[in-house]
$ cat query09.pdb   # PDB, C-alpha atoms and all ligand atoms
ATOM      1  CA  MET A   1      -7.732  -1.717  13.988  1.00  0.00           C
ATOM      2  CA  LYS A   2      -8.364  -1.213  10.276  1.00  0.00           C
ATOM      3  CA  PRO A   3      -8.151   2.253   8.704  1.00  0.00           C
ATOM      4  CA  GLN A   4     -11.499   3.675   7.569  1.00  0.00           C
ATOM      5  CA  TYR A   5      -9.911   5.573   4.685  1.00  0.00           C
ATOM      6  CA  THR A   6      -8.767   4.138   1.362  1.00  0.00           C
ATOM      7  CA  LEU A   7      -5.821   4.896  -0.901  1.00  0.00           C
ATOM      8  CA  LYS A   8      -8.240   6.735  -3.192  1.00  0.00           C
ATOM      9  CA  ASP A   9      -9.355   8.932  -0.275  1.00  0.00           C
ATOM     10  CA  ILE A  10      -5.741   9.911   0.384  1.00  0.00           C
ATOM     11  CA  LYS A  11      -5.102  10.772  -3.266  1.00  0.00           C
ATOM     12  CA  LEU A  12      -8.218  12.959  -3.368  1.00  0.00           C
ATOM     13  CA  LYS A  13      -7.322  14.769  -0.144  1.00  0.00           C
ATOM     14  CA  VAL A  14      -3.663  15.485  -0.714  1.00  0.00           C
ATOM     15  CA  ASP A  15      -2.134  17.949  -3.169  1.00  0.00           C
ATOM     16  CA  GLU A  16       0.272  16.520  -5.731  1.00  0.00           C
ATOM     17  CA  PRO A  17       3.616  17.749  -4.300  1.00  0.00           C
ATOM     18  CA  THR A  18       2.744  16.496  -0.793  1.00  0.00           C
ATOM     19  CA  PHE A  19       1.578  13.137  -2.123  1.00  0.00           C
ATOM     20  CA  ALA A  20       4.725  12.687  -4.245  1.00  0.00           C
ATOM     21  CA  ARG A  21       6.993  13.545  -1.278  1.00  0.00           C
ATOM     22  CA  ALA A  22       5.048  11.194   0.985  1.00  0.00           C
ATOM     23  CA  VAL A  23       5.431   8.353  -1.545  1.00  0.00           C
ATOM     24  CA  THR A  24       9.192   9.016  -1.656  1.00  0.00           C
ATOM     25  CA  LEU A  25       9.394   8.846   2.152  1.00  0.00           C
ATOM     26  CA  TYR A  26       7.272   5.709   2.297  1.00  0.00           C
ATOM     27  CA  GLU A  27       9.247   3.929  -0.438  1.00  0.00           C
ATOM     28  CA  ALA A  28      12.548   4.893   1.207  1.00  0.00           C
ATOM     29  CA  GLY A  29      11.392   3.114   4.367  1.00  0.00           C
ATOM     30  CA  ALA A  30      11.315   6.363   6.351  1.00  0.00           C
ATOM     31  CA  VAL A  31       8.286   5.266   8.368  1.00  0.00           C
ATOM     32  CA  GLY A  32       9.437   3.451  11.513  1.00  0.00           C
ATOM     33  CA  PRO A  33       7.551   0.622  13.262  1.00  0.00           C
ATOM     34  CA  ILE A  34       3.876   1.516  13.735  1.00  0.00           C
ATOM     35  CA  SER A  35       2.400   1.228  17.204  1.00  0.00           C
ATOM     36  CA  GLN A  36      -1.357   1.052  17.627  1.00  0.00           C
ATOM     37  CA  GLY A  37      -3.118   2.616  20.571  1.00  0.00           C
ATOM     38  CA  ILE A  38      -6.820   2.946  21.299  1.00  0.00           C
ATOM     39  CA  LYS A  39      -7.027   6.235  19.461  1.00  0.00           C
ATOM     40  CA  GLY A  40      -4.791   5.666  16.480  1.00  0.00           C
ATOM     41  CA  TYR A  41      -1.443   4.813  14.947  1.00  0.00           C
ATOM     42  CA  ALA A  42       1.873   6.319  15.948  1.00  0.00           C
ATOM     43  CA  ALA A  43       5.275   6.117  14.324  1.00  0.00           C
ATOM     44  CA  THR A  44       8.507   7.989  13.940  1.00  0.00           C
ATOM     45  CA  VAL A  45       9.031   9.261  10.408  1.00  0.00           C
ATOM     46  CA  ARG A  46      12.545  10.087   9.300  1.00  0.00           C
ATOM     47  CA  GLY A  47      12.694  13.304   7.270  1.00  0.00           C
ATOM     48  CA  THR A  48      15.266  16.063   7.728  1.00  0.00           C
ATOM     49  CA  GLU A  49      14.821  15.141  11.387  1.00  0.00           C
ATOM     50  CA  LEU A  50      12.919  12.430  13.195  1.00  0.00           C
ATOM     51  CA  TYR A  51       9.273  13.394  13.522  1.00  0.00           C
ATOM     52  CA  GLN A  52       6.660  11.968  15.873  1.00  0.00           C
ATOM     53  CA  VAL A  53       3.545  11.318  13.827  1.00  0.00           C
ATOM     54  CA  TRP A  54       0.099  10.284  14.976  1.00  0.00           C
ATOM     55  CA  LEU A  55      -2.888   9.356  12.829  1.00  0.00           C
ATOM     56  CA  SER A  56      -6.507   8.441  13.505  1.00  0.00           C
ATOM     57  CA  PRO A  57      -7.911   5.367  11.729  1.00  0.00           C
ATOM     58  CA  LYS A  58     -10.979   7.483  10.859  1.00  0.00           C
ATOM     59  CA  ASP A  59      -9.573  10.187   8.604  1.00  0.00           C
ATOM     60  CA  VAL A  60      -6.194  11.361   7.312  1.00  0.00           C
ATOM     61  CA  TYR A  61      -7.194  14.874   8.398  1.00  0.00           C
ATOM     62  CA  LEU A  62      -7.181  13.692  12.013  1.00  0.00           C
ATOM     63  CA  ALA A  63      -3.430  13.565  12.374  1.00  0.00           C
ATOM     64  CA  ASP A  64      -0.591  15.222  14.180  1.00  0.00           C
ATOM     65  CA  CYS A  65       3.086  15.756  13.426  1.00  0.00           C
ATOM     66  CA  ASN A  66       5.666  17.894  15.173  1.00  0.00           C
ATOM     67  CA  CYS A  67       7.134  19.241  11.911  1.00  0.00           C
ATOM     68  CA  TYR A  68       6.577  22.873  10.922  1.00  0.00           C
ATOM     69  CA  VAL A  69       3.787  22.127   8.402  1.00  0.00           C
ATOM     70  CA  GLY A  70       2.015  19.711  10.725  1.00  0.00           C
ATOM     71  CA  GLN A  71       2.063  22.271  13.531  1.00  0.00           C
ATOM     72  CA  ASN A  72       0.158  24.669  11.248  1.00  0.00           C
ATOM     73  CA  ASP A  73      -2.876  22.411  11.032  1.00  0.00           C
ATOM     74  CA  THR A  74      -1.929  21.289   7.542  1.00  0.00           C
ATOM     75  CA  LEU A  75      -1.634  17.772   6.219  1.00  0.00           C
ATOM     76  CA  CYS A  76       2.133  17.132   5.945  1.00  0.00           C
ATOM     77  CA  LYS A  77       4.110  14.541   3.974  1.00  0.00           C
ATOM     78  CA  HIS A  78       4.970  12.658   7.192  1.00  0.00           C
ATOM     79  CA  MET A  79       1.287  12.148   8.060  1.00  0.00           C
ATOM     80  CA  VAL A  80       0.579  10.969   4.509  1.00  0.00           C
ATOM     81  CA  ALA A  81       3.618   8.639   4.560  1.00  0.00           C
ATOM     82  CA  LEU A  82       2.310   7.085   7.784  1.00  0.00           C
ATOM     83  CA  ALA A  83      -1.187   6.773   6.254  1.00  0.00           C
ATOM     84  CA  LEU A  84       0.338   4.896   3.285  1.00  0.00           C
ATOM     85  CA  ALA A  85       2.337   2.598   5.567  1.00  0.00           C
ATOM     86  CA  VAL A  86      -0.800   1.781   7.593  1.00  0.00           C
ATOM     87  CA  LEU A  87      -2.701   0.874   4.410  1.00  0.00           C
ATOM     88  CA  ALA A  88       0.153  -1.316   3.170  1.00  0.00           C
ATOM     89  CA  ASP A  89       0.263  -3.077   6.580  1.00  0.00           C
ATOM     90  CA  ASN A  90      -3.446  -3.848   6.287  1.00  0.00           C
ATOM     91  CA  ASP A  91      -3.938  -4.546   2.594  1.00  0.00           C
ATOM     92  CA  GLY A  92      -0.514  -5.693   1.429  1.00  0.00           C
ATOM     93  CA  PRO A  93       2.107  -3.826  -0.602  1.00  0.00           C
ATOM     94  CA  PHE A  94       1.125  -1.344  -3.340  1.00  0.00           C
ATOM     95  CA  GLU A  95       1.597  -1.871  -7.063  1.00  0.00           C
ATOM     96  CA  THR A  96       3.626   0.908  -8.712  1.00  0.00           C
ATOM     97  CA  GLU A  97       0.566   2.333 -10.498  1.00  0.00           C
ATOM     98  CA  ASP A  98      -1.358   2.458  -7.193  1.00  0.00           C
ATOM     99  CA  LEU A  99       0.898   5.258  -6.027  1.00  0.00           C
ATOM    100  CA  GLN A 100       0.233   7.451  -9.042  1.00  0.00           C
ATOM    101  CA  GLN A 101      -2.138  10.309  -8.452  1.00  0.00           C
ATOM    102  CA  ASN A 102      -4.315  12.118 -10.967  1.00  0.00           C
ATOM    103  CA  ASN A 103      -6.403  15.052  -9.773  1.00  0.00           C
ATOM    104  CA  THR A 104      -6.334  16.834 -13.134  1.00  0.00           C
ATOM    105  CA  VAL A 105      -9.602  18.340 -14.283  1.00  0.00           C
ATOM    106  CA  GLU A 106      -9.971  16.842 -17.745  1.00  0.00           C
ATOM    107  CA  GLY A 107     -12.587  15.118 -19.858  1.00  0.00           C
ATOM    108  CA  SER A 108     -12.713  11.377 -20.547  1.00  0.00           C
ATOM    109  CA  GLY A 109     -11.974  11.976 -24.237  1.00  0.00           C
ATOM    110  CA  LYS A 110     -14.426   9.190 -25.081  1.00  0.00           C
ATOM    111  CA  VAL A 111     -17.659   9.707 -26.986  1.00  0.00           C
ATOM    112  CA  GLY A 112     -20.375   7.516 -25.478  1.00  0.00           C
ATOM    113  CA  VAL A 113     -23.858   7.403 -24.022  1.00  0.00           C
ATOM    114  CA  LEU A 114     -25.379   7.482 -20.555  1.00  0.00           C
ATOM    115  CA  SER A 115     -28.562   5.580 -19.759  1.00  0.00           C
ATOM    116  CA  VAL A 116     -31.232   7.247 -17.622  1.00  0.00           C
ATOM    117  CA  ASP A 117     -30.133   5.090 -14.676  1.00  0.00           C
ATOM    118  CA  GLU A 118     -26.442   5.908 -15.115  1.00  0.00           C
ATOM    119  CA  THR A 119     -27.290   9.609 -15.366  1.00  0.00           C
ATOM    120  CA  ALA A 120     -29.238   9.382 -12.107  1.00  0.00           C
ATOM    121  CA  VAL A 121     -26.283   7.706 -10.359  1.00  0.00           C
ATOM    122  CA  TYR A 122     -23.883  10.435 -11.531  1.00  0.00           C
ATOM    123  CA  ARG A 123     -26.364  13.154 -10.541  1.00  0.00           C
ATOM    124  CA  LYS A 124     -26.570  11.713  -7.038  1.00  0.00           C
ATOM    125  CA  GLU A 125     -22.781  11.367  -6.759  1.00  0.00           C
ATOM    126  CA  ILE A 126     -22.229  15.008  -7.805  1.00  0.00           C
ATOM    127  CA  SER A 127     -24.923  16.247  -5.466  1.00  0.00           C
ATOM    128  CA  THR A 128     -23.528  14.282  -2.508  1.00  0.00           C
ATOM    129  CA  ILE A 129     -20.002  15.627  -3.065  1.00  0.00           C
ATOM    130  CA  ILE A 130     -21.199  19.247  -3.282  1.00  0.00           C
ATOM    131  CA  THR A 131     -23.352  18.908  -0.172  1.00  0.00           C
ATOM    132  CA  LYS A 132     -20.563  17.302   1.830  1.00  0.00           C
ATOM    133  CA  TYR A 133     -17.484  19.267   0.753  1.00  0.00           C
ATOM    134  CA  ILE A 134     -18.456  22.608  -0.820  1.00  0.00           C
ATOM    135  CA  ARG A 135     -19.884  24.214   2.276  1.00  0.00           C
ATOM    136  CA  GLY A 136     -20.112  27.676   3.711  1.00  0.00           C
ATOM    137  CA  TYR A 137     -17.260  28.775   5.951  1.00  0.00           C
ATOM    138  CA  ASP A 138     -18.527  28.967   9.494  1.00  0.00           C
ATOM    139  CA  GLY A 139     -15.576  30.812  10.919  1.00  0.00           C
ATOM    140  CA  PRO A 140     -13.361  30.019  13.869  1.00  0.00           C
ATOM    141  CA  SER A 141     -14.958  26.701  14.818  1.00  0.00           C
ATOM    142  CA  ARG A 142     -13.076  25.128  11.938  1.00  0.00           C
ATOM    143  CA  THR A 143      -9.690  26.385  10.902  1.00  0.00           C
ATOM    144  CA  TRP A 144      -9.307  28.066   7.546  1.00  0.00           C
ATOM    145  CA  PHE A 145      -6.608  25.629   6.372  1.00  0.00           C
ATOM    146  CA  THR A 146      -8.785  22.614   7.086  1.00  0.00           C
ATOM    147  CA  TYR A 147     -11.697  24.371   5.400  1.00  0.00           C
ATOM    148  CA  GLN A 148      -9.653  25.036   2.233  1.00  0.00           C
ATOM    149  CA  SER A 149      -8.491  21.388   2.196  1.00  0.00           C
ATOM    150  CA  ARG A 150     -12.126  20.285   2.241  1.00  0.00           C
ATOM    151  CA  LEU A 151     -12.926  22.532  -0.733  1.00  0.00           C
ATOM    152  CA  GLU A 152      -9.936  21.071  -2.585  1.00  0.00           C
ATOM    153  CA  GLU A 153     -10.981  17.539  -1.768  1.00  0.00           C
ATOM    154  CA  GLY A 154     -14.508  18.326  -3.011  1.00  0.00           C
ATOM    155  CA  CYS A 155     -13.163  19.686  -6.315  1.00  0.00           C
ATOM    156  CA  ASN A 156     -10.826  16.674  -6.654  1.00  0.00           C
ATOM    157  CA  ARG A 157     -13.789  14.364  -6.125  1.00  0.00           C
ATOM    158  CA  LEU A 158     -15.849  16.270  -8.710  1.00  0.00           C
ATOM    159  CA  ALA A 159     -12.882  16.133 -11.132  1.00  0.00           C
ATOM    160  CA  ASP A 160     -12.833  12.367 -10.612  1.00  0.00           C
ATOM    161  CA  VAL A 161     -16.483  12.284 -11.799  1.00  0.00           C
ATOM    162  CA  VAL A 162     -15.782  14.602 -14.765  1.00  0.00           C
ATOM    163  CA  ARG A 163     -12.922  12.305 -15.922  1.00  0.00           C
ATOM    164  CA  ARG A 164     -15.365   9.391 -16.058  1.00  0.00           C
ATOM    165  CA  LEU A 165     -18.206  11.108 -17.972  1.00  0.00           C
ATOM    166  CA  PRO A 166     -18.486  10.059 -21.638  1.00  0.00           C
ATOM    167  CA  ILE A 167     -18.914  12.809 -24.225  1.00  0.00           C
ATOM    168  CA  CYS A 168     -22.690  13.032 -24.722  1.00  0.00           C
ATOM    169  CA  ALA A 169     -25.523  15.514 -24.183  1.00  0.00           C
ATOM    170  CA  ALA A 170     -26.505  13.862 -20.881  1.00  0.00           C
ATOM    171  CA  SER A 171     -22.986  14.532 -19.536  1.00  0.00           C
ATOM    172  CA  ALA A 172     -23.194  18.154 -20.706  1.00  0.00           C
ATOM    173  CA  ASP A 173     -26.456  18.497 -18.795  1.00  0.00           C
ATOM    174  CA  LEU A 174     -24.916  16.951 -15.661  1.00  0.00           C
ATOM    175  CA  MET A 175     -21.931  19.275 -15.835  1.00  0.00           C
ATOM    176  CA  ILE A 176     -24.054  22.398 -16.320  1.00  0.00           C
ATOM    177  CA  THR A 177     -26.197  21.359 -13.336  1.00  0.00           C
ATOM    178  CA  MET A 178     -22.994  20.932 -11.308  1.00  0.00           C
ATOM    179  CA  LEU A 179     -21.622  24.339 -12.363  1.00  0.00           C
ATOM    180  CA  LEU A 180     -24.906  26.110 -11.589  1.00  0.00           C
ATOM    181  CA  ARG A 181     -24.959  24.539  -8.166  1.00  0.00           C
ATOM    182  CA  LEU A 182     -21.354  25.549  -7.471  1.00  0.00           C
ATOM    183  CA  ASP A 183     -22.207  29.043  -8.712  1.00  0.00           C
ATOM    184  CA  THR A 184     -25.031  29.294  -6.165  1.00  0.00           C
ATOM    185  CA  LYS A 185     -22.642  28.071  -3.457  1.00  0.00           C
ATOM    186  CA  LEU A 186     -20.169  30.824  -4.373  1.00  0.00           C
ATOM    187  CA  SER A 187     -22.685  33.630  -4.791  1.00  0.00           C
ATOM    188  CA  SER A 188     -25.010  32.959  -1.863  1.00  0.00           C
ATOM    189  CA  GLY A 189     -23.856  29.791  -0.087  1.00  0.00           C
ATOM    190  CA  GLY A 190     -21.212  31.430   2.079  1.00  0.00           C
ATOM    191  CA  VAL A 191     -18.323  29.537   0.474  1.00  0.00           C
ATOM    192  CA  ASP A 192     -14.996  31.275   1.124  1.00  0.00           C
ATOM    193  CA  ASP A 193     -13.183  30.635  -2.150  1.00  0.00           C
ATOM    194  CA  SER A 194     -10.435  33.191  -1.624  1.00  0.00           C
ATOM    195  CA  ASP A 195      -7.889  30.604  -2.830  1.00  0.00           C
ATOM    196  CA  GLY A 196      -9.852  30.280  -6.097  1.00  0.00           C
ATOM    197  CA  THR A 197     -10.182  26.501  -5.761  1.00  0.00           C
ATOM    198  CA  VAL A 198     -13.840  26.290  -6.765  1.00  0.00           C
ATOM    199  CA  GLY A 199     -13.586  29.139  -9.297  1.00  0.00           C
ATOM    200  CA  GLY A 200     -10.586  27.456 -10.955  1.00  0.00           C
ATOM    201  CA  PHE A 201     -12.472  24.177 -11.119  1.00  0.00           C
ATOM    202  CA  ILE A 202     -15.465  25.879 -12.787  1.00  0.00           C
ATOM    203  CA  GLU A 203     -13.173  27.514 -15.373  1.00  0.00           C
ATOM    204  CA  ARG A 204     -11.550  24.168 -16.209  1.00  0.00           C
ATOM    205  CA  CYS A 205     -14.992  22.581 -16.645  1.00  0.00           C
ATOM    206  CA  VAL A 206     -16.036  25.366 -19.036  1.00  0.00           C
ATOM    207  CA  ILE A 207     -12.942  24.662 -21.168  1.00  0.00           C
ATOM    208  CA  ILE A 208     -13.807  20.932 -21.171  1.00  0.00           C
ATOM    209  CA  LEU A 209     -17.433  21.633 -22.134  1.00  0.00           C
ATOM    210  CA  ALA A 210     -16.369  23.943 -24.971  1.00  0.00           C
ATOM    211  CA  ALA A 211     -13.945  21.300 -26.301  1.00  0.00           C
ATOM    212  CA  GLN A 212     -16.487  18.495 -26.026  1.00  0.00           C
ATOM    213  CA  ALA A 213     -19.124  20.623 -27.809  1.00  0.00           C
ATOM    214  CA  ARG A 214     -16.905  20.355 -30.892  1.00  0.00           C
ATOM    215  CA  GLN A 215     -17.243  16.562 -30.762  1.00  0.00           C
ATOM    216  CA  ASP A 216     -20.966  16.360 -30.037  1.00  0.00           C
ATOM    217  CA  GLU A 217     -23.353  18.931 -31.462  1.00  0.00           C
ATOM    218  CA  GLY A 218     -25.966  17.997 -28.853  1.00  0.00           C
ATOM    219  CA  TYR A 219     -23.999  20.144 -26.377  1.00  0.00           C
ATOM    220  CA  ILE A 220     -25.154  23.419 -27.982  1.00  0.00           C
ATOM    221  CA  ALA A 221     -28.836  22.552 -27.389  1.00  0.00           C
ATOM    222  CA  VAL A 222     -28.017  21.794 -23.725  1.00  0.00           C
ATOM    223  CA  PHE A 223     -26.167  25.112 -23.334  1.00  0.00           C
ATOM    224  CA  ARG A 224     -29.068  26.996 -24.962  1.00  0.00           C
ATOM    225  CA  LYS A 225     -31.571  25.390 -22.626  1.00  0.00           C
ATOM    226  CA  ARG A 226     -29.636  25.351 -19.381  1.00  0.00           C
ATOM    227  CA  LEU A 227     -27.327  28.364 -19.218  1.00  0.00           C
ATOM    228  CA  PRO A 228     -28.674  31.235 -17.122  1.00  0.00           C
ATOM    229  CA  THR A 229     -29.723  34.472 -18.825  1.00  0.00           C
ATOM    230  CA  SER A 230     -28.539  36.529 -15.851  1.00  0.00           C
ATOM    231  CA  HIS A 231     -24.821  36.748 -15.156  1.00  0.00           C
ATOM    232  CA  THR A 232     -23.115  34.104 -13.053  1.00  0.00           C
ATOM    233  CA  CYS A 233     -20.703  35.016 -10.264  1.00  0.00           C
ATOM    234  CA  PHE A 234     -17.738  35.553 -12.575  1.00  0.00           C
ATOM    235  CA  ASP A 235     -19.348  35.272 -16.027  1.00  0.00           C
ATOM    236  CA  TRP A 236     -18.037  31.739 -16.544  1.00  0.00           C
ATOM    237  CA  GLU A 237     -21.006  31.008 -18.846  1.00  0.00           C
ATOM    238  CA  LEU A 238     -19.953  33.591 -21.488  1.00  0.00           C
ATOM    239  CA  PRO A 239     -17.616  31.354 -23.571  1.00  0.00           C
ATOM    240  CA  LEU A 240     -20.381  28.733 -23.757  1.00  0.00           C
ATOM    241  CA  MET A 241     -23.041  31.354 -24.643  1.00  0.00           C
ATOM    242  CA  GLU A 242     -20.722  32.506 -27.410  1.00  0.00           C
ATOM    243  CA  LEU A 243     -20.766  28.955 -28.847  1.00  0.00           C
ATOM    244  CA  VAL A 244     -24.584  29.046 -28.808  1.00  0.00           C
ATOM    245  CA  ASN A 245     -24.612  32.454 -30.510  1.00  0.00           C
ATOM    246  CA  SER A 246     -22.180  31.438 -33.227  1.00  0.00           C
ATOM    247  CA  ALA A 247     -24.207  28.244 -33.875  1.00  0.00           C
ATOM    248  CA  ASP A 248     -27.307  30.430 -34.223  1.00  0.00           C
ATOM    249  CA  ARG A 249     -25.524  32.777 -36.629  1.00  0.00           C
ATOM    250  CA  ARG A 250     -24.468  29.753 -38.688  1.00  0.00           C
ATOM    251  CA  ASP A 251     -28.079  28.531 -38.819  1.00  0.00           C
ATOM    252  CA  VAL A 252     -29.244  31.932 -40.067  1.00  0.00           C
ATOM    253  CA  THR A 253     -26.569  31.983 -42.813  1.00  0.00           C
ATOM    254  CA  GLU A 254     -27.531  28.492 -43.933  1.00  0.00           C
ATOM    255  CA  LEU A 255     -31.228  29.367 -44.344  1.00  0.00           C
TER
HETATM  256 ZN    ZN A 301       5.152  16.406   9.372  1.00  0.00          ZN
END

$ encode --input "query09.pdb" --output "structure tokens"
Amino acid sequence: MKPQYTLKDIKLKVDEPTFARAVTLYEAGAVGPISQGIKGYAATVRGTELYQVWLSPKDVYLADCNCYVGQNDTLCKHMVALALAVLADNDGPFETEDLQQNNTVEGSGKVGVLSVDETAVYRKEISTIITKYIRGYDGPSRTWFTYQSRLEEGCNRLADVVRRLPICAASADLMITMLLRLDTKLSSGGVDDSDGTVGGFIERCVIILAAQARQDEGYIAVFRKRLPTSHTCFDWELPLMELVNSADRRDVTEL
């Protein structure tokens, strides 16, 4: 039975402290022999105590552990350690750099170009992530913790796209499209962002866009064309509008 998740999936799903602790457990050999049943993998993981951990091959979210965190419907370090051990059993041992995680929202730092085809691929990838992960909260049928984890995973996946985008006007356009879509999700899409996951992601993207606009003047034209004239859900567009306004003032002075 092969797992249907990849190492990248795990890194995108798990917050940094949990991932780091799970790596420590895994590397210390804390995961006991793995037994495979029809429904999944089971092992004893040695933490402060011995924990009984179960994991579905389908998704790291489908897991169970009798530790305190695991009992609260939250992904715990023991589940993630087992998920890592299962992957290593199937695909061979990890390289050191494999177990490093980067979910930071940052730009690529590289000036470049995107062809029409590449732009279309990125547009599709962004759209698919938003549709799948940034969804309205439908209440008790899904637990709130699981729901928040999905939002986080969605933002991590979008951050992964943002880190790959070269600095160019086409990227600016893609990012504005993404932010406008997230804004609609927050304002009228029923997304429960009380943890500020999506809002924080939008703010980071605005900082990236403002920084990149200093390296490529094509960004200002994109902002002028694409930013909404009515206010967004928390006025995230204002710093970018200010860049447009100051560029306009400069143009007037130069005339
Ligand atoms: Zn646990």

$ closest_atom_pairs --input "query09.pdb" --of "chain A" --to "ligand ZN 301 (chain A)" --cutoff "10 Å" --atoms "all atoms listed in the file" --output "CSV"
residue,atom,partner,partner_atom,distance
A:Ala22,CA,A:ZN301,ZN,9.9
A:Val45,CA,A:ZN301,ZN,8.2
A:Arg46,CA,A:ZN301,ZN,9.7
A:Gly47,CA,A:ZN301,ZN,8.4
A:Glu49,CA,A:ZN301,ZN,10.0
A:Leu50,CA,A:ZN301,ZN,9.5
A:Tyr51,CA,A:ZN301,ZN,6.6
A:Gln52,CA,A:ZN301,ZN,8.0
A:Val53,CA,A:ZN301,ZN,7.0
A:Trp54,CA,A:ZN301,ZN,9.7
A:Ala63,CA,A:ZN301,ZN,9.5
A:Asp64,CA,A:ZN301,ZN,7.6
A:Cys65,CA,A:ZN301,ZN,4.6
A:Asn66,CA,A:ZN301,ZN,6.0
A:Cys67,CA,A:ZN301,ZN,4.3
A:Tyr68,CA,A:ZN301,ZN,6.8
A:Val69,CA,A:ZN301,ZN,6.0
A:Gly70,CA,A:ZN301,ZN,4.8
A:Gln71,CA,A:ZN301,ZN,7.8
A:Asn72,CA,A:ZN301,ZN,9.8
A:Thr74,CA,A:ZN301,ZN,8.8
A:Leu75,CA,A:ZN301,ZN,7.6
A:Cys76,CA,A:ZN301,ZN,4.6
A:Lys77,CA,A:ZN301,ZN,5.8
A:His78,CA,A:ZN301,ZN,4.3
A:Met79,CA,A:ZN301,ZN,5.9
A:Val80,CA,A:ZN301,ZN,8.6
A:Ala81,CA,A:ZN301,ZN,9.3
A:Leu82,CA,A:ZN301,ZN,9.9

$ resolve_selection --input "query09.pdb" --expression "the PyMOL selection byres (((chain A and resi 13) around 12) and not hetatm)" --output "ChimeraX atom specification"
/A:5-12,14-16,18-19,59-61,74-76,80,83,101-103,133,146-157

$ resolve_selection --input "query09.pdb" --expression "the PyMOL selection byres (((chain A and resi 115) around 12) and not hetatm)" --output "list in words"
Gly112, Val113, Leu114, Val116, Asp117, Glu118, Thr119, Ala120, Val121, Tyr122, Leu165, Pro166, Cys168, Ala169, Ala170 and Ser171 of chain A

$ resolve_selection --input "query09.pdb" --expression "the PyMOL selection byres (((chain A and resi 239) around 12) and not hetatm)" --output "ChimeraX atom specification"
/A:203-211,213,220,223,227,234-238,240-246

$ residues_around --input "query09.pdb" --residues "Phe94 of chain A" --least-positions-apart "3" --cutoff "12 Å" --atoms "only C-alpha atoms" --output "tab-separated table (two decimals) with C-alpha atoms, keeping the file's coordinate frame"
chain	number	residue	atom	x	y	z
A	7	LEU	CA	-5.82	4.90	-0.90
A	23	VAL	CA	5.43	8.35	-1.54
A	26	TYR	CA	7.27	5.71	2.30
A	27	GLU	CA	9.25	3.93	-0.44
A	84	LEU	CA	0.34	4.90	3.28
A	85	ALA	CA	2.34	2.60	5.57
A	86	VAL	CA	-0.80	1.78	7.59
A	87	LEU	CA	-2.70	0.87	4.41
A	88	ALA	CA	0.15	-1.32	3.17
A	89	ASP	CA	0.26	-3.08	6.58
A	90	ASN	CA	-3.45	-3.85	6.29
A	91	ASP	CA	-3.94	-4.55	2.59
A	97	GLU	CA	0.57	2.33	-10.50
A	98	ASP	CA	-1.36	2.46	-7.19
A	99	LEU	CA	0.90	5.26	-6.03
A	100	GLN	CA	0.23	7.45	-9.04

$ residues_around --input "query09.pdb" --residues "segment 187-192 of chain A" --least-positions-apart "5" --cutoff "9 Å" --atoms "only C-alpha atoms" --output "PDB file with C-alpha atoms, keeping the file's coordinate frame"
ATOM      1  CA  ILE A 134     -18.456  22.608  -0.820  1.00  0.00           C
ATOM      2  CA  ARG A 135     -19.884  24.214   2.276  1.00  0.00           C
ATOM      3  CA  GLY A 136     -20.112  27.676   3.711  1.00  0.00           C
ATOM      4  CA  TYR A 137     -17.260  28.775   5.951  1.00  0.00           C
ATOM      5  CA  ASP A 138     -18.527  28.967   9.494  1.00  0.00           C
ATOM      6  CA  TYR A 147     -11.697  24.371   5.400  1.00  0.00           C
ATOM      7  CA  GLN A 148      -9.653  25.036   2.233  1.00  0.00           C
ATOM      8  CA  LEU A 151     -12.926  22.532  -0.733  1.00  0.00           C
ATOM      9  CA  LEU A 182     -21.354  25.549  -7.471  1.00  0.00           C
ATOM     10  CA  THR A 232     -23.115  34.104 -13.053  1.00  0.00           C
ATOM     11  CA  CYS A 233     -20.703  35.016 -10.264  1.00  0.00           C
TER      12      CYS A 233
END

$ build_atoms --input "query09.pdb" --residues "segment 79-87 of chain A" --atoms "N, CA and C atoms" --output "compact mmCIF listing (two decimals), in the coordinates of the input"
# COMPACT_ATOMS: atom_id res chain seq x y z
N MET A 79 2.59 12.75 7.74
CA MET A 79 1.29 12.15 8.06
C MET A 79 0.84 11.24 6.91
N VAL A 80 1.02 11.74 5.68
CA VAL A 80 0.58 10.97 4.51
C VAL A 80 1.44 9.71 4.35
N ALA A 81 2.75 9.82 4.64
CA ALA A 81 3.62 8.64 4.56
C ALA A 81 3.17 7.58 5.57
N LEU A 82 2.80 8.03 6.78
CA LEU A 82 2.31 7.08 7.78
C LEU A 82 0.99 6.45 7.32
N ALA A 83 0.11 7.29 6.74
CA ALA A 83 -1.19 6.77 6.25
C ALA A 83 -0.96 5.69 5.19
N LEU A 84 0.02 5.89 4.32
CA LEU A 84 0.34 4.90 3.28
C LEU A 84 0.87 3.61 3.92
N ALA A 85 1.76 3.77 4.91
CA ALA A 85 2.34 2.60 5.57
C ALA A 85 1.26 1.78 6.28
N VAL A 86 0.30 2.48 6.90
CA VAL A 86 -0.80 1.78 7.59
C VAL A 86 -1.63 0.98 6.59
N LEU A 87 -1.92 1.58 5.43
CA LEU A 87 -2.70 0.87 4.41
C LEU A 87 -1.95 -0.36 3.91
